[in-house]
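A.B. asks: Just passing along the structure, written as structure tokens.
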Amino acid sequence: MDFPNGTFQGASYGLSLLLANNCLPAQFDARRMQQRIEGMIAVVPKLVDRQGALGEALPNEGSFCVTGLVLGDCLGALATLGDRLKAKRRENLVQGLAPLAEFLTRQDETHGIISNHLATNALAMARWSAATGDTRGQDRAALWVERIKSHAHDEGWMREYDGADPGYQSWCTSALAQIAVEAPELDVAPLVEKSFEFLQAFALSDGRFASGCGSRLTRFLMPGGAEIYADQSNAAAQLAVFARRNAQPNTFVTLDAIDEPNIVPFFNDMVLAAIHAKRLDAIEPPEPRTTGFPAAGLYVHCGSAGQFIINSDRGGWITRSSQEVSQDFPEPVAKRQDGTILRPVRGQIKEHSGTKMIVHADLEPVNRMLPSPGKFVVLRLLSLTVFRSARMGNLVKRLLARLLLSETGRTVSRVERIIDLESATVSDRVIAGEAELVENPHGFSPMHMASQGYWQLNDDTSSES
């Protein structure tokens with residue numbers, strides 16, 4: 001990396017929690033660790049761009065997400081250190097973070113509704129208001145919380161781009177749980193409680209979580225919020241127990257498989273979960289149950305062939321969990337004579353009984369844009385010129401999101417998937433347009449998406465997956 005990724009400074013929060021709760025490994029010196037934490041926060045002003053923002057990969061990136069993430073984590077670390085810090089030292093460190101807070105009072109996220117970003121930044125600005133008395137922080141936090149609420153569905157899910165994603169919702173819920181404790185006036189508790197009822201439906205009986213069923217294709221679970229809320233919500237307690245049993249064996253995606261840019265938020269959340277862990281001796285993981293979230297296009301079916309999660313919006317994408325097998329059925333993928341790959345979108349359930357589901361979906365071309373030296377140079381030139389204006393940078397981000405993530409609406413064919421829920425078999429056929437199905441499209445990704453996939457245990461242990 002030739003430009004610093006500001007995200008790493010956020011590890012100060014997880015380290016401060018370990019230090020303050022006497023959870024550091026024995027070989028680490030507490031005084032030296034505190035010096036390191038203070039140094040991580042003190043250097044933040046040297047990493048900000050001319051707008052007062054942090055970047056993840058590019059100069060002048062002006063990342064709304066990373067700036068809020070690091071501001072919240074650094075302020076959380078300072079609050080956690082408490083009396084370990086002298087008043088003057090604390091004041092200097094807080095003031096060093098002022099450019100980030102100023103940026104967030106001006107900037108907003110305009111390329112999509114990404115609830116986990118909004119929750120993370122609301123937590124950051126609530127902490128800024130608590131640390132400095134700056135009421136603008138509370139106003140911004142309230143703005144983003146209300147936006148999450150206005151796009152949250154009665155089914156219990158919060159919007160991630162164009163739908164529900166259990167993995168990112170666990171991240172969002174962890175931030176909201178901290179807001180509920182630190183800024184109860186923002187009234188997020190009902191949202192948090194409903195979220196856990198939604199999330200527990202995606203705890204699979206084989207220890208996986210969601211396994212890629214959602215709008216952002218994720219397979220991870222952040223358990224910090226569940227541990228915080230375990231004594232207030234039975235659904236949260238059940239999810240916390242599920243996470244405890246399955247994190248170490250890697251049956252869902254955990255720290256062992258996370259890539260470099262995400263290691264810090266995952267580390268912080270694991271530490272948060274550890275220090276809030278309570279005795280839950282009488283609690284069992286969520287019991288698999290048949291349920292549905294039609295507005296999200298997500299259905300959970302439990303029967304003789306095991307537990308199924310089905311995403312109808314993606315043409316009947318499936319994951320199956322039983323005592324014998326952990327098995328995924330990617331969405332039906334087709335190919336035209338010119339080589340264009342087609343993905344299913346806007347799926348509709350035509351029949352649904354206790355034994356069978358039939359899904360019809362439009363097929364539209366996949367944008368298969370891949371990196372190249374030329375595109376890399378263009379992106380760097382944009383970051384050195386256009387991105388110097390926050391307004392123009394936001395415009396470019398909206399265009400990229402539309403190009404890489406959004407459905408085009410260009411239907412060129414149509415596909416039918418028949419799912420036999422008793423025999424766990426799938427039958428696909430093209431029912432309109434000229435296209436041929438692609439056989440065994442394992443590893444197919446319908447879009448460019450951060451944090452999708454990652455390795456989990458069943459990738460290399462199940463002969464059926």
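A note on labels: chains of the structure tokens are A, B, ... as shown, every chain counts residues from 1, and ligands are counted from 1 in their shown order.
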Which neighbours of Ser205 (chain A) fall inside 10 Å, counting only C-alpha atoms, when residues of the same chain fewer than 4 positions from it are skipped, and could you give them as a PDB file with C-alpha atoms, in the first residue's frame?

C.D. replies:
ATOM      1  CA  PHE A 209     -24.231 -17.925   9.748  1.00  0.00           C
ATOM      2  CA  PHE A 242     -24.300 -19.552  18.921  1.00  0.00           C
ATOM      3  CA  PRO A 285     -28.485 -21.442  20.358  1.00  0.00           C
ATOM      4  CA  PRO A 286     -31.527 -20.496  18.267  1.00  0.00           C
ATOM      5  CA  GLU A 287     -33.713 -23.463  17.396  1.00  0.00           C
ATOM      6  CA  PRO A 288     -34.061 -23.799  13.595  1.00  0.00           C
ATOM      7  CA  GLY A 306     -32.639 -30.183   6.936  1.00  0.00           C
ATOM      8  CA  GLN A 307     -32.639 -26.420   7.198  1.00  0.00           C
ATOM      9  CA  ARG A 320     -28.796 -26.179   3.151  1.00  0.00           C
ATOM     10  CA  SER A 321     -27.750 -27.444   6.564  1.00  0.00           C
ATOM     11  CA  SER A 322     -28.372 -30.953   7.878  1.00  0.00           C
ATOM     12  CA  GLN A 323     -26.611 -33.548  10.015  1.00  0.00           C
ATOM     13  CA  SER A 326     -23.506 -28.323   4.441  1.00  0.00           C
TER      14      SER A 326
END

A.B. asks: Write out as a compact mmCIF listing (two decimals) with N, CA and C atoms, in the first residue's frame each polymer residue whose atoms come within 8 Å of region 46-59 of chain A, counting only C-alpha atoms; drop sequence neighbours fewer than 3 positions from it.

C.D. replies:
# COMPACT_ATOMS: atom_id res chain seq x y z
N MET A 1 0.86 -1.19 0.00
CA MET A 1 0.00 0.00 0.00
C MET A 1 0.89 1.24 0.00
N PHE A 3 -0.46 4.35 0.13
CA PHE A 3 -1.14 5.38 0.90
C PHE A 3 -1.71 4.73 2.16
N PRO A 4 -1.69 5.42 3.27
CA PRO A 4 -2.09 4.79 4.53
C PRO A 4 -3.59 4.52 4.60
N ASN A 5 -3.93 3.35 5.09
CA ASN A 5 -5.32 2.99 5.36
C ASN A 5 -5.63 3.42 6.80
N GLY A 6 -6.44 4.46 6.93
CA GLY A 6 -6.71 5.00 8.26
C GLY A 6 -7.40 4.04 9.20
N THR A 7 -8.03 3.00 8.65
CA THR A 7 -8.79 2.06 9.48
C THR A 7 -7.97 1.49 10.62
N VAL A 43 -1.33 10.09 16.07
CA VAL A 43 -0.88 10.20 14.69
C VAL A 43 -2.02 10.45 13.71
N GLY A 62 -11.61 10.70 0.98
CA GLY A 62 -12.70 11.28 1.75
C GLY A 62 -13.72 10.25 2.18
N SER A 63 -13.26 9.16 2.77
CA SER A 63 -14.15 8.05 3.09
C SER A 63 -15.06 8.38 4.27
N PHE A 64 -16.34 8.43 4.02
CA PHE A 64 -17.34 8.63 5.07
C PHE A 64 -17.27 7.49 6.08
N VAL A 66 -14.74 5.14 6.72
CA VAL A 66 -13.50 5.01 7.49
C VAL A 66 -13.33 6.17 8.47
N THR A 67 -13.70 7.37 8.06
CA THR A 67 -13.56 8.52 8.95
C THR A 67 -14.41 8.34 10.20
N PRO A 99 -10.68 17.48 13.21
CA PRO A 99 -10.92 17.54 11.76
C PRO A 99 -11.86 16.44 11.27
N LEU A 100 -11.79 15.26 11.87
CA LEU A 100 -12.67 14.17 11.46
C LEU A 100 -14.12 14.51 11.79
N GLU A 102 -15.38 17.51 12.19
CA GLU A 102 -15.80 18.61 11.31
C GLU A 102 -16.20 18.09 9.94
N PHE A 103 -15.41 17.14 9.43
CA PHE A 103 -15.74 16.55 8.13
C PHE A 103 -17.12 15.89 8.17
N PRO A 261 -8.02 -5.03 5.38
CA PRO A 261 -8.80 -3.83 5.68
C PRO A 261 -9.87 -4.01 6.75
N ARG A 380 -6.48 6.56 -10.02
CA ARG A 380 -5.51 7.38 -9.28
C ARG A 380 -5.55 8.84 -9.73
N SER A 383 -8.47 10.45 -8.16
CA SER A 383 -8.27 10.71 -6.73
C SER A 383 -7.36 11.91 -6.50
N LEU A 384 -6.46 12.17 -7.42
CA LEU A 384 -5.53 13.30 -7.27
C LEU A 384 -6.12 14.61 -7.76
N ARG A 388 -10.53 15.92 -4.91
CA ARG A 388 -10.19 17.04 -4.03
C ARG A 388 -11.43 17.87 -3.70
N ALA A 390 -15.21 17.42 -2.45
CA ALA A 390 -16.10 16.43 -1.83
C ALA A 390 -17.32 16.20 -2.70

A.B. asks: Show which residues sit within 10 Å of region 74-83 of chain A, as JSON, numbers by chain. Count only C-alpha atoms, and ignore same-chain residues fewer than 2 positions away.

C.D. replies: {"A": [9, 10, 11, 12, 13, 14, 15, 16, 17, 18, 19, 20, 21, 34, 37, 38, 40, 41, 42, 44, 68, 69, 70, 71, 72, 85, 86, 87, 90, 91, 93, 94, 97, 123, 124, 125, 126, 127, 128, 130, 131]}

A.B. asks: Using DSSP on the backbone coordinates, identify all residues within region 49-296 of chain A classified as strand (DSSP E or B); present the result as a PyMOL selection string.

C.D. replies: chain A and resi 114+159-160+163-164+203+209+220+253+291-293

A.B. asks: Using only C-alpha atoms, determine which residues lie at most 7 Å from region 138-152 of chain A, disregarding the query and same-chain residues fewer than 6 positions distant; provide the list as a list in words.

C.D. replies: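 Those residues are Thr105, Ser115, Leu118, Ala119, Ala122, Leu123, Met125, Ala126, Ser129, Met158, Arg159 and Leu186 of chain A.
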
A.B. asks: Can you tell me which residues surround Ala177 (chain A) at a distance of at most 9 Å, considering only C-alpha atoms, apart from same-chain residues fewer than 4 positions away, and format the answer as a ChimeraX atom specification?

C.D. replies: /A:172-173,181-182,188-189,192,224-226,228-229

A.B. asks: Give me a file of those residues, with N, CA and C atoms, as an mmCIF file, in the first residue's frame.

C.D. replies:
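Just written: part31.cif:
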data_model
loop_
_atom_site.group_PDB
_atom_site.id
_atom_site.type_symbol
_atom_site.label_atom_id
_atom_site.label_comp_id
_atom_site.auth_asym_id
_atom_site.auth_seq_id
_atom_site.Cartn_x
_atom_site.Cartn_y
_atom_site.Cartn_z
ATOM 1 N N CYS A 172 -24.025 -3.586 11.968
ATOM 2 C CA CYS A 172 -24.882 -2.436 12.278
ATOM 3 C C CYS A 172 -25.451 -2.538 13.685
ATOM 4 N N THR A 173 -25.919 -3.732 14.044
ATOM 5 C CA THR A 173 -26.560 -3.930 15.345
ATOM 6 C C THR A 173 -25.566 -3.781 16.485
ATOM 7 N N VAL A 181 -26.548 2.001 24.816
ATOM 8 C CA VAL A 181 -25.947 2.120 26.144
ATOM 9 C C VAL A 181 -25.416 3.529 26.389
ATOM 10 N N GLU A 182 -24.740 4.099 25.398
ATOM 11 C CA GLU A 182 -24.032 5.372 25.588
ATOM 12 C C GLU A 182 -24.891 6.597 25.297
ATOM 13 N N VAL A 188 -32.709 3.832 20.190
ATOM 14 C CA VAL A 188 -32.479 2.754 19.224
ATOM 15 C C VAL A 188 -32.819 1.383 19.791
ATOM 16 N N ALA A 189 -33.164 1.305 21.076
ATOM 17 C CA ALA A 189 -33.397 0.003 21.710
ATOM 18 C C ALA A 189 -34.444 -0.844 20.978
ATOM 19 N N VAL A 192 -32.862 -2.362 17.943
ATOM 20 C CA VAL A 192 -31.884 -3.399 18.279
ATOM 21 C C VAL A 192 -32.591 -4.710 18.614
ATOM 22 N N GLY A 224 -20.555 -8.740 19.064
ATOM 23 C CA GLY A 224 -20.452 -7.761 20.147
ATOM 24 C C GLY A 224 -21.796 -7.270 20.643
ATOM 25 N N GLY A 225 -22.677 -6.903 19.716
ATOM 26 C CA GLY A 225 -23.989 -6.404 20.121
ATOM 27 C C GLY A 225 -24.811 -7.457 20.835
ATOM 28 N N ALA A 226 -24.693 -8.717 20.409
ATOM 29 C CA ALA A 226 -25.449 -9.801 21.054
ATOM 30 C C ALA A 226 -25.007 -9.976 22.504
ATOM 31 N N ILE A 228 -23.638 -7.620 24.429
ATOM 32 C CA ILE A 228 -24.086 -6.437 25.170
ATOM 33 C C ILE A 228 -25.548 -6.572 25.580
ATOM 34 N N TYR A 229 -26.375 -7.127 24.677
ATOM 35 C CA TYR A 229 -27.818 -7.185 24.887
ATOM 36 C C TYR A 229 -28.298 -8.517 25.451
#
